[in-house]
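Visitor: Below is the file final-v2.txt, which contains compact mmCIF, C-alpha atoms.
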```txt
# COMPACT_ATOMS: atom_id res chain seq x y z
CA MET A 1 60.50 16.12 14.10
CA SER A 2 56.97 15.48 12.89
CA PRO A 3 53.96 17.67 13.87
CA LYS A 4 52.50 14.69 15.73
CA THR A 5 55.54 14.47 17.97
CA ARG A 6 55.26 18.20 18.80
CA SER A 7 51.59 17.73 19.62
CA ASP A 8 52.37 14.81 21.90
CA GLN A 9 54.92 16.93 23.76
CA ALA A 10 52.39 19.73 24.18
CA ILE A 11 49.81 17.31 25.57
CA ALA A 12 52.24 15.70 28.00
CA PRO A 13 54.57 18.38 29.39
CA HIS A 14 57.09 17.22 31.95
CA GLY A 15 59.13 20.05 33.37
CA TRP A 16 60.40 21.10 36.76
CA VAL A 17 56.97 21.42 38.36
CA GLN A 18 56.06 17.86 37.41
CA ALA A 19 59.46 16.64 38.60
CA LEU A 20 59.00 18.39 41.94
CA LEU A 21 55.55 16.84 42.38
CA THR A 22 56.96 13.41 41.56
CA VAL A 23 59.77 13.69 44.12
CA LEU A 24 57.63 15.22 46.86
CA SER A 25 54.82 12.70 46.45
CA GLY A 26 57.28 9.82 46.63
CA LEU A 27 59.00 11.15 49.74
CA LEU A 28 55.66 11.96 51.38
CA ALA A 29 54.38 8.43 50.77
CA MET A 30 57.58 6.95 52.17
CA GLY A 31 57.58 9.28 55.17
CA VAL A 32 53.97 8.50 56.08
CA THR A 33 54.56 4.76 55.73
CA ALA A 34 57.71 4.91 57.84
CA ALA A 35 56.08 7.12 60.49
CA LEU A 36 53.07 4.83 60.87
CA GLY A 37 55.27 1.75 61.03
CA LEU A 38 57.58 3.28 63.62
CA TRP A 39 54.59 4.49 65.62
CA ALA A 40 53.23 0.95 65.67
CA ALA A 41 56.67 -0.28 66.72
CA GLY A 42 56.71 2.12 69.69
CA ALA A 43 59.34 4.53 68.37
CA THR A 44 57.31 7.54 69.54
CA ASP A 45 58.59 6.80 73.05
CA LEU A 46 62.19 7.56 72.09
CA PRO A 47 63.68 10.36 74.21
CA ASP A 48 64.75 13.83 73.17
CA GLY A 49 62.21 14.11 70.37
CA ALA A 50 64.07 11.62 68.24
CA PHE A 51 61.02 10.29 66.39
CA PRO A 52 61.11 12.65 63.35
CA ARG A 53 64.82 12.01 62.90
CA VAL A 54 64.29 8.25 63.12
CA VAL A 55 61.61 8.57 60.44
CA ALA A 56 64.09 10.45 58.24
CA ALA A 57 66.72 7.77 58.87
CA THR A 58 64.22 5.07 57.92
CA VAL A 59 63.46 6.79 54.61
CA VAL A 60 67.18 7.18 53.95
CA THR A 61 67.85 3.48 54.50
CA ALA A 62 64.81 2.59 52.37
CA VAL A 63 66.49 4.06 49.29
CA GLY A 64 69.84 2.42 49.97
CA GLY A 65 71.33 5.13 52.18
CA THR A 66 73.81 4.31 54.90
CA ILE A 67 73.21 5.02 58.58
CA GLU A 68 76.22 4.85 60.87
CA LEU A 69 75.61 3.97 64.53
CA SER A 70 77.77 5.26 67.35
CA GLY A 71 77.85 4.60 71.06
CA ASP A 72 79.17 6.23 74.18
CA ALA A 73 79.25 4.86 77.70
CA GLY A 74 81.75 7.04 79.45
CA GLY A 75 85.44 6.56 80.15
CA LEU A 76 85.12 3.16 81.87
CA ALA A 77 83.00 1.54 79.22
CA GLY A 78 82.85 0.93 75.52
CA THR A 79 80.02 0.39 73.11
CA GLU A 80 79.82 -1.14 69.68
CA ALA A 81 76.84 -1.01 67.35
CA GLY A 82 76.00 -1.66 63.73
CA LEU A 83 72.87 -1.87 61.59
CA THR A 84 72.32 -2.96 58.02
CA VAL A 85 68.70 -3.45 57.01
CA ILE A 86 66.42 -2.03 54.33
CA PRO A 87 62.76 -1.47 55.30
CA LEU A 88 61.41 -2.79 52.03
CA SER A 89 57.80 -1.79 52.73
CA VAL A 90 58.89 1.86 52.67
CA THR A 91 61.08 1.15 49.64
CA LEU A 92 58.22 -0.45 47.71
CA VAL A 93 55.77 2.37 48.43
CA GLY A 94 58.28 4.99 47.32
CA ALA A 95 59.18 3.09 44.16
CA LEU A 96 55.54 2.69 43.11
CA VAL A 97 54.66 6.34 43.70
CA ILE A 98 57.77 7.75 42.01
CA ALA A 99 57.41 5.37 39.06
CA ALA A 100 53.78 6.42 38.58
CA GLY A 101 54.73 10.11 38.73
CA PHE A 102 57.58 9.59 36.27
CA LEU A 103 55.39 7.74 33.76
CA ARG A 104 52.32 9.96 33.99
CA PRO A 105 53.52 12.75 31.64
CA LEU A 106 54.71 10.11 29.15
CA ARG A 107 51.42 8.26 28.74
CA HIS A 108 49.64 8.08 25.39
CA ARG A 109 52.94 8.18 23.56
CA ALA A 110 54.35 5.73 21.03
CA VAL A 111 57.99 6.77 21.05
CA ALA A 112 60.20 9.31 22.79
CA ARG A 113 63.58 10.68 21.91
CA VAL A 114 66.57 9.70 24.02
CA GLY A 115 67.26 13.33 24.89
CA GLU A 116 63.65 13.84 25.96
CA LEU A 117 63.68 10.89 28.36
CA ALA A 118 67.14 11.80 29.65
CA GLY A 119 66.08 15.39 30.31
CA TRP A 120 62.94 14.33 32.16
CA ALA A 121 64.89 11.83 34.27
CA ALA A 122 67.61 14.42 34.98
CA ARG A 123 65.06 16.88 36.38
CA VAL A 124 63.67 14.23 38.70
CA ALA A 125 67.19 13.15 39.72
CA ALA A 126 68.36 16.70 40.48
CA LEU A 127 65.43 17.41 42.79
CA TRP A 128 65.73 13.95 44.29
CA LEU A 129 69.35 14.59 45.25
CA LEU A 130 68.43 17.87 46.92
CA ALA A 131 65.66 16.23 48.91
CA LEU A 132 67.88 13.31 49.85
CA LEU A 133 70.59 15.71 51.00
CA ALA A 134 68.12 17.43 53.33
CA LEU A 135 66.99 14.07 54.71
CA ALA A 136 70.58 12.93 55.19
CA PHE A 137 71.48 15.95 57.32
CA GLY A 138 68.24 15.60 59.29
CA ALA A 139 68.75 11.91 60.06
CA ARG A 140 71.08 12.17 63.04
CA GLN A 141 70.41 11.89 66.76
CA THR A 142 71.94 10.71 70.04
CA PHE A 143 69.85 9.49 72.97
CA PRO A 144 70.34 7.39 76.11
CA LEU A 145 69.69 3.66 75.96
CA SER A 146 67.81 2.06 78.83
CA VAL A 147 69.55 -0.99 80.34
CA GLY A 148 66.24 -2.32 81.57
CA ASP A 149 67.09 -2.55 85.27
CA ASP A 150 66.91 0.17 87.96
CA THR A 151 70.01 -1.09 89.79
CA LEU A 152 72.09 -1.18 86.61
CA SER A 153 70.83 2.28 85.70
CA ASP A 154 71.86 3.68 89.10
CA LEU A 155 75.30 2.08 88.84
CA GLY A 156 75.69 3.44 85.35
CA ASP A 157 74.90 6.95 86.48
CA LEU A 158 77.29 6.57 89.46
CA PHE A 159 80.28 5.44 87.40
CA GLY A 160 79.46 7.44 84.29
CA VAL A 161 78.85 4.38 82.12
CA SER A 162 75.23 5.00 81.16
CA PRO A 163 75.09 3.88 77.53
CA LYS A 164 74.09 6.21 74.76
CA VAL A 165 73.51 5.35 71.15
CA GLY A 166 73.42 7.67 68.20
CA PHE A 167 73.11 7.55 64.45
CA GLU A 168 74.04 9.75 61.54
CA THR A 169 74.04 9.47 57.79
CA ASP A 170 77.04 8.82 55.61
CA VAL A 171 76.09 11.65 53.27
CA PRO A 172 78.28 10.94 50.17
CA GLN A 173 77.47 7.23 50.16
CA THR A 174 73.79 7.95 50.74
CA LEU A 175 73.64 10.34 47.78
CA CYS A 176 75.39 7.85 45.48
CA LEU A 177 73.27 4.88 46.51
CA GLY A 178 70.09 6.95 46.56
CA LEU A 179 70.73 8.15 43.01
CA LEU A 180 71.43 4.57 41.93
CA TRP A 181 68.15 3.49 43.55
CA LEU A 182 66.25 6.19 41.68
CA ALA A 183 67.85 5.20 38.38
CA GLY A 184 66.80 1.61 38.96
CA VAL A 185 63.22 2.66 39.70
CA LEU A 186 62.96 4.83 36.57
CA VAL A 187 64.50 2.22 34.28
CA LEU A 188 62.28 -0.51 35.71
CA ALA A 189 59.23 1.71 35.27
CA LEU A 190 60.03 2.12 31.56
CA LEU A 191 60.61 -1.62 31.21
CA VAL A 192 57.41 -2.70 32.95
CA SER A 193 54.84 -0.27 31.58
CA ARG A 194 53.43 -1.26 28.21
CA GLY A 195 52.24 2.30 27.59
CA ALA A 196 55.56 4.00 28.35
CA PRO A 197 57.35 5.32 25.25
CA LEU A 198 60.80 4.13 24.30
CA PRO A 199 63.34 5.50 21.83
CA ALA A 200 62.77 3.96 18.40
CA ARG A 201 66.10 2.11 18.53
CA LEU A 202 65.03 0.23 21.67
CA LEU A 203 61.60 -0.87 20.46
CA ARG A 204 63.05 -4.11 19.10
CA PHE A 205 63.86 -5.22 22.66
CA GLN A 206 60.46 -4.61 24.20
CA ALA A 207 59.05 -7.91 22.91
CA THR A 208 61.47 -9.85 25.11
CA VAL A 209 62.19 -7.53 28.03
CA ARG A 210 58.86 -5.92 28.87
CA PRO A 211 56.71 -9.05 29.31
CA ALA A 212 59.34 -10.70 31.53
CA ALA A 213 59.87 -7.55 33.63
CA TYR A 214 56.13 -7.10 34.05
CA ALA A 215 55.72 -10.74 35.11
CA MET A 216 58.38 -10.36 37.81
CA VAL A 217 56.75 -7.22 39.21
CA VAL A 218 53.42 -9.07 39.29
CA LEU A 219 55.09 -11.95 41.11
CA LEU A 220 56.69 -9.72 43.74
CA LEU A 221 53.52 -7.72 44.32
CA ALA A 222 51.47 -10.92 44.56
CA TYR A 223 53.71 -12.12 47.38
CA VAL A 224 53.33 -8.79 49.16
CA VAL A 225 49.54 -8.88 48.85
CA LEU A 226 49.51 -12.46 50.11
CA GLY A 227 51.69 -11.40 53.03
CA VAL A 228 49.32 -8.54 53.88
CA VAL A 229 46.36 -10.94 53.89
CA ILE A 230 48.18 -13.42 56.13
CA GLY A 231 49.31 -10.61 58.45
CA LEU A 232 45.78 -9.28 58.82
CA VAL A 233 44.42 -12.76 59.53
CA VAL A 234 47.10 -13.29 62.17
CA ALA A 235 46.31 -9.91 63.72
CA LEU A 236 42.59 -10.69 63.90
CA THR A 237 42.89 -14.24 65.18
CA ARG A 238 45.97 -14.20 67.39
CA GLY A 239 46.16 -10.63 68.59
CA HIS A 240 49.28 -8.43 68.53
CA ALA A 241 47.58 -6.20 65.97
CA VAL A 242 49.88 -3.22 66.55
CA GLU A 243 53.06 -5.30 66.24
CA THR A 244 51.72 -6.91 63.06
CA LEU A 245 50.93 -3.48 61.64
CA ALA A 246 54.53 -2.43 62.30
CA VAL A 247 55.80 -5.43 60.37
CA ILE A 248 53.45 -4.75 57.45
CA LEU A 249 54.41 -1.08 57.21
CA LEU A 250 58.16 -1.55 57.65
CA GLY A 251 59.33 -4.98 56.59
CA LEU A 252 56.64 -7.10 54.98
CA PRO A 253 58.48 -7.53 51.64
CA ASN A 254 61.57 -8.57 53.62
CA LEU A 255 59.60 -11.56 54.91
CA ALA A 256 57.42 -12.19 51.85
CA TRP A 257 60.30 -12.23 49.38
CA LEU A 258 62.36 -14.31 51.80
CA ALA A 259 59.52 -16.85 51.66
CA LEU A 260 59.68 -16.73 47.85
CA THR A 261 63.36 -17.69 47.83
CA LEU A 262 62.86 -20.39 50.49
CA GLY A 263 60.09 -21.95 48.41
CA LEU A 264 62.50 -22.14 45.48
CA GLY A 265 64.89 -24.12 47.68
CA ALA A 266 67.30 -21.32 48.63
CA THR A 267 69.32 -21.39 51.85
CA TRP A 268 69.99 -18.49 54.18
CA LYS A 269 72.43 -18.33 57.07
CA GLY A 270 71.64 -16.45 60.24
CA ARG A 271 71.91 -16.01 63.96
CA VAL A 272 69.78 -14.35 66.65
CA GLU A 273 71.14 -13.50 70.08
CA GLY A 274 70.04 -11.24 72.92
CA PRO A 275 67.02 -8.94 72.69
CA PHE A 276 66.95 -8.88 68.90
CA GLY A 277 64.48 -11.05 67.10
CA LEU A 278 62.47 -11.47 63.94
CA PRO A 279 58.91 -10.27 64.58
CA MET A 280 57.04 -12.85 62.51
CA PRO A 281 56.68 -15.68 61.90
CA HIS A 282 57.97 -17.04 65.19
CA VAL A 283 59.45 -20.16 63.57
CA LEU A 284 62.22 -18.04 61.99
CA ASP A 285 63.33 -16.84 65.39
CA GLU A 286 63.30 -20.42 66.73
CA VAL A 287 65.55 -21.69 63.96
CA LEU A 288 68.02 -18.80 64.09
CA ARG A 289 68.33 -18.27 67.84
CA GLY A 290 71.48 -19.79 69.27
CA SER A 291 75.20 -19.30 69.65
CA ASP A 292 76.19 -20.68 66.24
CA THR A 293 75.25 -19.62 62.74
CA ALA A 294 72.11 -21.52 61.78
CA THR A 295 70.93 -22.76 58.38
CA LEU A 296 67.54 -21.51 57.25
CA ASN A 297 65.84 -23.51 54.53
CA LEU A 298 62.75 -25.65 54.02
CA ARG A 299 64.25 -28.65 55.79
CA THR A 300 65.30 -26.82 58.95
CA LEU A 301 62.02 -24.89 59.09
CA ALA A 302 60.02 -28.09 58.65
CA GLU A 303 61.58 -29.47 61.82
CA TYR A 304 59.62 -26.79 63.72
CA ASP A 305 56.56 -26.43 61.47
CA GLY A 306 55.73 -28.81 58.64
CA ARG A 307 53.42 -26.28 57.00
CA VAL A 308 56.43 -24.54 55.45
CA TRP A 309 56.34 -27.10 52.64
CA TRP A 310 53.31 -25.19 51.36
CA LEU A 311 55.79 -22.54 50.24
CA VAL A 312 56.80 -24.84 47.38
CA ALA A 313 53.18 -25.12 46.21
CA VAL A 314 52.65 -21.35 46.51
CA ASP A 315 55.81 -20.69 44.50
CA ALA A 316 54.73 -23.15 41.81
CA VAL A 317 51.27 -21.60 41.43
CA LEU A 318 52.44 -17.99 41.43
CA LEU A 319 55.39 -18.66 39.12
CA LEU A 320 53.15 -20.48 36.67
CA THR A 321 50.75 -17.54 36.79
CA ALA A 322 53.60 -15.11 36.15
CA ALA A 323 54.80 -17.26 33.24
CA PHE A 324 51.29 -17.28 31.77
CA VAL A 325 51.07 -13.49 32.07
CA MET A 326 54.46 -13.11 30.40
CA ALA A 327 53.53 -15.38 27.51
CA ALA A 328 50.13 -13.74 27.06
CA ARG A 329 51.75 -10.30 26.76
CA SER A 330 54.41 -11.50 24.30
CA PRO A 331 54.14 -11.55 20.49
CA ALA A 332 52.74 -14.75 19.00
CA GLY A 333 56.02 -15.52 17.25
CA VAL A 334 57.94 -16.16 20.48
CA ARG A 335 58.52 -19.89 20.95
CA ALA A 336 58.05 -21.87 24.15
CA TRP A 337 61.78 -22.40 24.70
CA GLN A 338 62.33 -18.66 24.32
CA HIS A 339 59.69 -17.98 26.97
CA ALA A 340 61.49 -20.44 29.24
CA LEU A 341 64.82 -18.67 28.72
CA HIS A 342 63.31 -15.22 29.25
CA LEU A 343 61.65 -16.21 32.52
CA ALA A 344 64.78 -18.01 33.73
CA VAL A 345 66.89 -14.88 33.27
CA ALA A 346 64.23 -12.60 34.75
CA LEU A 347 63.65 -14.79 37.81
CA ALA A 348 67.39 -15.23 38.40
CA LEU A 349 67.87 -11.44 38.36
CA THR A 350 64.86 -10.99 40.65
CA VAL A 351 66.17 -13.47 43.20
CA LEU A 352 69.61 -11.84 43.01
CA MET A 353 67.97 -8.52 43.86
CA ILE A 354 66.14 -10.10 46.81
CA CYS A 355 69.38 -11.60 48.09
CA LEU A 356 71.16 -8.25 47.90
CA LEU A 357 68.33 -6.23 49.48
CA GLY A 358 67.14 -8.78 52.02
CA ARG A 359 70.33 -9.06 54.08
CA ILE A 360 70.03 -8.10 57.74
CA SER A 361 72.84 -7.35 60.14
CA ALA A 362 72.36 -5.73 63.55
CA HIS A 363 74.45 -5.83 66.69
CA TYR A 364 74.92 -3.87 69.89
CA GLY A 365 77.32 -4.47 72.75
CA LEU A 366 78.33 -2.78 75.99
CA SER A 367 81.46 -3.62 77.93
CA VAL A 368 82.72 -2.23 81.24
CA LEU A 369 86.44 -2.48 82.08
CA GLY A 370 86.86 -4.92 79.21
CA ILE A 371 84.07 -7.25 80.37
CA GLY A 372 81.89 -7.66 77.32
CA ASP A 373 79.06 -9.95 78.45
CA LEU A 374 76.88 -7.97 80.82
CA GLY A 375 73.64 -9.78 80.14
CA GLY A 376 71.26 -10.33 77.28
CA ASP A 377 69.66 -6.89 77.59
CA LEU A 378 72.97 -5.15 76.84
CA ASN A 379 74.33 -7.32 74.03
CA GLY A 380 72.61 -8.69 70.99
CA GLU A 381 73.07 -9.72 67.39
CA LEU A 382 70.82 -10.41 64.43
CA LEU A 383 72.30 -11.78 61.22
CA LEU A 384 70.60 -13.04 58.07
CA LYS A 385 72.36 -13.53 54.73
CA PRO A 386 71.73 -15.78 51.72
CA GLU A 387 73.76 -18.30 49.80
CA VAL A 388 73.46 -16.10 46.75
CA TRP A 389 74.58 -18.19 43.81
CA THR A 390 72.73 -21.31 44.92
CA ALA A 391 69.55 -19.25 45.13
CA VAL A 392 70.15 -17.69 41.71
CA GLY A 393 70.82 -21.08 40.11
CA LEU A 394 67.66 -22.59 41.56
CA ALA A 395 65.68 -19.58 40.37
CA ALA A 396 66.98 -20.04 36.83
CA LEU A 397 65.95 -23.71 36.91
CA TRP A 398 62.47 -22.89 38.19
CA GLY A 399 62.19 -20.17 35.54
CA LEU A 400 63.01 -22.56 32.73
CA VAL A 401 60.32 -25.03 33.78
CA ALA A 402 57.66 -22.44 34.64
CA GLY A 403 58.35 -20.40 31.50
CA PHE A 404 57.94 -23.41 29.24
CA LEU A 405 54.71 -24.56 30.93
CA GLY A 406 53.31 -21.03 30.98
CA ALA A 407 53.94 -20.69 27.24
CA LEU A 408 52.00 -23.89 26.60
CA LEU A 409 49.09 -22.70 28.74
CA ALA A 410 49.00 -19.32 27.00
CA ARG A 411 48.82 -20.72 23.46
CA PRO A 412 45.00 -20.47 23.20
CA VAL A 413 45.11 -16.86 24.38
CA ARG A 414 45.32 -14.08 21.83
CA ARG A 415 48.52 -12.20 22.52
CA GLY A 416 48.80 -8.45 22.10
CA GLY A 417 52.30 -7.81 23.39
CA ALA A 418 54.85 -5.67 21.65
CA THR A 419 54.77 -4.53 18.08
CA GLY A 420 56.45 -6.53 15.41
CA PRO A 421 58.95 -5.30 12.83
CA ALA A 422 56.31 -3.21 11.09
CA GLY A 423 55.48 -1.45 14.34
CA VAL A 424 59.13 -0.69 14.88
CA ASP A 425 59.47 0.76 11.41
CA ASN A 426 56.39 2.96 11.91
CA ALA A 427 57.72 4.20 15.24
CA ARG A 428 61.03 5.07 13.61
CA ASP A 429 59.19 7.04 10.93
CA GLN A 430 57.36 9.02 13.63
CA ASP A 431 60.60 9.81 15.45
CA THR A 432 62.37 11.19 12.37
```
What is this structure when it is put down as structure tokens?

Guide:
Amino acid sequence: MSPKTRSDQAIAPHGWVQALLTVLSGLLAMGVTAALGLWAAGATDLPDGAFPRVVAATVVTAVGGTIELSGDAGGLAGTEAGLTVIPLSVTLVGALVIAAGFLRPLRHRAVARVGELAGWAARVAALWLLALLALAFGARQTFPLSVGDDTLSDLGDLFGVSPKVGFETDVPQTLCLGLLWLAGVLVLALLVSRGAPLPARLLRFQATVRPAAYAMVVLLLAYVVLGVVIGLVVALTRGHAVETLAVILLGLPNLAWLALTLGLGATWKGRVEGPFGLPMPHVLDEVLRGSDTATLNLRTLAEYDGRVWWLVAVDAVLLLTAAFVMAARSPAGVRAWQHALHLAVALALTVLMICLLGRISAHYGLSVLGIGDLGGDLNGELLLKPEVWTAVGLAALWGLVAGFLGALLARPVRRGGATGPAGVDNARDQDT
């Protein structure tokens, strides 16, 4: 090991204290975001002091954890409930904060040994698992569910069929999925950041991977920022400011990235019944509400609001911008067709991630003496799932076109990007 490498390690220590700060800052940011969003959604009114436990459950689901719902309505009644949704606003905040904390001790470095990066990641992962375990055991509660009618409530108390709903965490699955989520965040952080060090053997791949990964992160964040702007405008002009704030703090990426896939031509299937509903925009609820599974795409949305065709133009502009950024950060020797292929693969993987994370499934039902339909307030369902491979194929096609055009637009721009073969050789010399 060269003296320079030892000096770099002394300048940028990353031990257990730094790992603890990284984990705690990420969880704190997620907890505050979830708490504010749930407050805006009215969750502070939940009985039996359930609010802190609901916040913990929200953070658990944000990192891929599993929350199991249970119901109880006495001996004469039965309940059934299920919930699968990821609050991607909380997820995004946590990912950004943890990624920044993970990268901070590694800045101003050219290369890093595999063992060094693995040890730093292992410290963060160990503390993350302990924190996630504490959250998992804290995210459990049972409380009564209001049926919304005084007469029904009195009858429920009389016959012992007052519904209760509870939730608890599937601890083993939560730990596994939470660790997988953390690994994805750390790997993506290393891929996206130009200043993050890589092992010398991997430097040859940064010319193709890093610009494309960075472009996709820029694209996703641009959609979130655009969604925040639209949400604030809606709140100021049409009211419902508190409800809009809840959407922004809990599920804005769910809607913004859904709009990205719809603009590419993707199709989602869904259904809305009973008291459930999508908070914004209202046109989604109109298309999905009904007894049968509905098709959600540009054509069906345009039947209710023709402005949805603007999603195609927004996708085109933002994708072309992302392609330009990717090409401008790439070495000058990369050809236009290679840029097109890189963006096609990156966008296809990004849309696949959105399809996997953006699914929503929620249902609740109460039946008395086998009678399942007791009114819309007691039964409901919300379902939203994509046609995955169609969406991925369309994304690859858009990526090919946008990547090629972006490469042509970026030709006059001087490209810094990754180091060439000489840079790789120098990095190898430093690491030996």

Visitor: Would you compute the distance between CA of Cys355 in chain A and CA of Thr267 in chain A? Give it in Å to one decimal.

Guide: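 Separating CA of Cys355 in chain A from CA of Thr267 in chain A is a distance of 10.5 Å.
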
Visitor: Considering all atoms listed in the file, can you say which of A:Thr244, A:Thr22, A:Thr84, A:Ser361 comes closest to Gly270 in chain A?

Guide: A:Ser361

Visitor: Pull the closest atom pair for each residue of range 169-257 of chain A that gets at most 12 Å from range 91-108 of chain A, along with the distance in Å to one decimal, counting only C-alpha atoms, ordering rows by chain and then ascending residue number, as a Markdown table.

Guide:
```
| residue | atom | partner | partner_atom | distance |
| --- | --- | --- | --- | --- |
| A:Gly178 | CA | A:Thr91 | CA | 11.1 |
| A:Trp181 | CA | A:Ala95 | CA | 9.0 |
| A:Leu182 | CA | A:Ala95 | CA | 8.1 |
| A:Ala183 | CA | A:Ala99 | CA | 10.5 |
| A:Gly184 | CA | A:Ala95 | CA | 9.3 |
| A:Val185 | CA | A:Ala95 | CA | 6.0 |
| A:Leu186 | CA | A:Ala99 | CA | 6.1 |
| A:Val187 | CA | A:Ala99 | CA | 9.1 |
| A:Leu188 | CA | A:Ala99 | CA | 8.3 |
| A:Ala189 | CA | A:Ala99 | CA | 5.6 |
| A:Leu190 | CA | A:Leu103 | CA | 7.6 |
| A:Leu191 | CA | A:Ala99 | CA | 11.0 |
| A:Val192 | CA | A:Ala99 | CA | 10.1 |
| A:Ser193 | CA | A:Leu103 | CA | 8.3 |
| A:Arg194 | CA | A:Arg107 | CA | 9.7 |
| A:Gly195 | CA | A:Arg107 | CA | 6.1 |
| A:Ala196 | CA | A:Arg107 | CA | 6.0 |
| A:Pro197 | CA | A:Leu106 | CA | 6.7 |
| A:Leu198 | CA | A:Leu106 | CA | 9.8 |
| A:Val217 | CA | A:Leu96 | CA | 10.7 |
| A:Leu220 | CA | A:Leu92 | CA | 10.2 |
| A:Leu221 | CA | A:Leu92 | CA | 9.3 |
| A:Val224 | CA | A:Leu92 | CA | 9.8 |
| A:Ile248 | CA | A:Leu92 | CA | 11.7 |
| A:Leu249 | CA | A:Val93 | CA | 9.5 |
| A:Leu250 | CA | A:Thr91 | CA | 8.9 |
| A:Gly251 | CA | A:Thr91 | CA | 9.4 |
| A:Leu252 | CA | A:Leu92 | CA | 10.0 |
| A:Pro253 | CA | A:Leu92 | CA | 8.1 |
| A:Asn254 | CA | A:Thr91 | CA | 10.5 |
```

Visitor: Would you pick out the contacts of Val59 in chain A at 8 Å or less, using all atoms listed in the file, so that residues sharing its chain but fewer than 6 positions from it are not included, and give the list as an MDAnalysis selection string?

Guide: chainID A and resid 27 30:31 34 90:91

Visitor: State, in Å with one decimal place, the distance from CA of Glu273 in chain A to CA of Gly231 in chain A.

Guide: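 These atoms are spaced 24.9 Å apart.
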
Visitor: Would you list the contacts of Pro172 in chain A as an NGL selection string, taking every protein, DNA or RNA residue within 10 Å and counting all atoms listed in the file, but skipping same-chain residues closer than 2 positions in sequence?

Guide: :A and (65-66 or 133 or 136 or 169-170 or 174-178)

Visitor: One decimal, Å: what's the distance from CA of Leu341 in chain A over to CA of Gly399 in chain A, could you say?

Guide: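 For CA of Leu341 in chain A relative to CA of Gly399 in chain A, the distance reads 7.5 Å.
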
Visitor: Give me the residues near Glu286 in chain A as number ranges by chain, where near means some atom within 9 Å (using all atoms listed in the file) and where sequence neighbours in that chain fewer than 4 positions away do not count.

Guide: A: 272, 282, 290, 301, 304

Visitor: Taking all atoms listed in the file into account, which of A:Gln173, A:Thr390, A:Thr33, A:Ser89 comes nearest Ile67 in chain A?

Guide: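 Ranked by minimum distance to Ile67 in chain A, first place goes to A:Gln173.
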
Visitor: Write out as a list in words which residues come within 9 Å of Leu347 in chain A when counting all atoms listed in the file, dropping same-chain ones fewer than 3 positions away.

Guide: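 Everything that qualifies: Ala212, Met216, His342, Leu343, Ala344, Thr350, Val351, Leu352, Val392, Ala395, Ala396, Trp398 and Gly399 of chain A.
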
Visitor: Produce a file of the selected residues containing C-alpha atoms, as a compact mmCIF listing (two decimals), in the frame of the given file.

Guide:
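As written to disk, selection_20.txt reads:
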```txt
# COMPACT_ATOMS: atom_id res chain seq x y z
CA ALA A 212 59.34 -10.70 31.53
CA MET A 216 58.38 -10.36 37.81
CA HIS A 342 63.31 -15.22 29.25
CA LEU A 343 61.65 -16.21 32.52
CA ALA A 344 64.78 -18.01 33.73
CA THR A 350 64.86 -10.99 40.65
CA VAL A 351 66.17 -13.47 43.20
CA LEU A 352 69.61 -11.84 43.01
CA VAL A 392 70.15 -17.69 41.71
CA ALA A 395 65.68 -19.58 40.37
CA ALA A 396 66.98 -20.04 36.83
CA TRP A 398 62.47 -22.89 38.19
CA GLY A 399 62.19 -20.17 35.54
```

Visitor: Taking only C-alpha atoms into account, name the residue in A:Phe404, A:Phe137, A:Trp16, A:Trp268 that is nearest to Ala57 in chain A.

Guide: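 Looking only at the distances to Ala57 in chain A, the closest residue turns out to be A:Phe137.
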
Visitor: Using all atoms listed in the file, determine which residues lie at most 9 Å from Leu356 in chain A, disregarding the query and same-chain residues fewer than 5 positions distant; provide the list as a list of chain:residue names.

Guide: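 What passes the distance filter is A:Val351, A:Lys385, A:Pro386, A:Val388.
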
Visitor: Calculated over all atoms listed in the file, which of the candidates A:Thr295, A:Val171, A:Ala207, A:Leu319 has the smallest distance to Tyr223 in chain A?

Guide: A:Leu319

Visitor: Counting all atoms listed in the file, which residue out of A:Ala118, A:Ala241, A:Leu203, A:Leu357 sits closest to Ala62 in chain A?

Guide: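 Ranked by minimum distance to Ala62 in chain A, first place goes to A:Leu357.
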
Visitor: Could you tell me which of A:Asp45, A:Asp292, A:Asp305, A:Glu387 comes closest to Ala266 in chain A if we count only C-alpha atoms?

Guide: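 Using only C-alpha atoms, the shortest distance to Ala266 in chain A belongs to A:Glu387.
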
Visitor: Sorted by chain and rising residue number, list the residues of range 289-320 of chain A at most 7 Å from range 256-262 of chain A (counting all atoms listed in the file), each with its closest atom pair and distance in Å to one decimal, as CSV.

Guide:
```
residue,atom,partner,partner_atom,distance
A:Asn297,CA,A:Leu262,CA,5.9
A:Leu298,CA,A:Leu262,CA,6.3
A:Leu311,CA,A:Ala259,CA,7.0
A:Asp315,CA,A:Leu260,CA,6.5
```
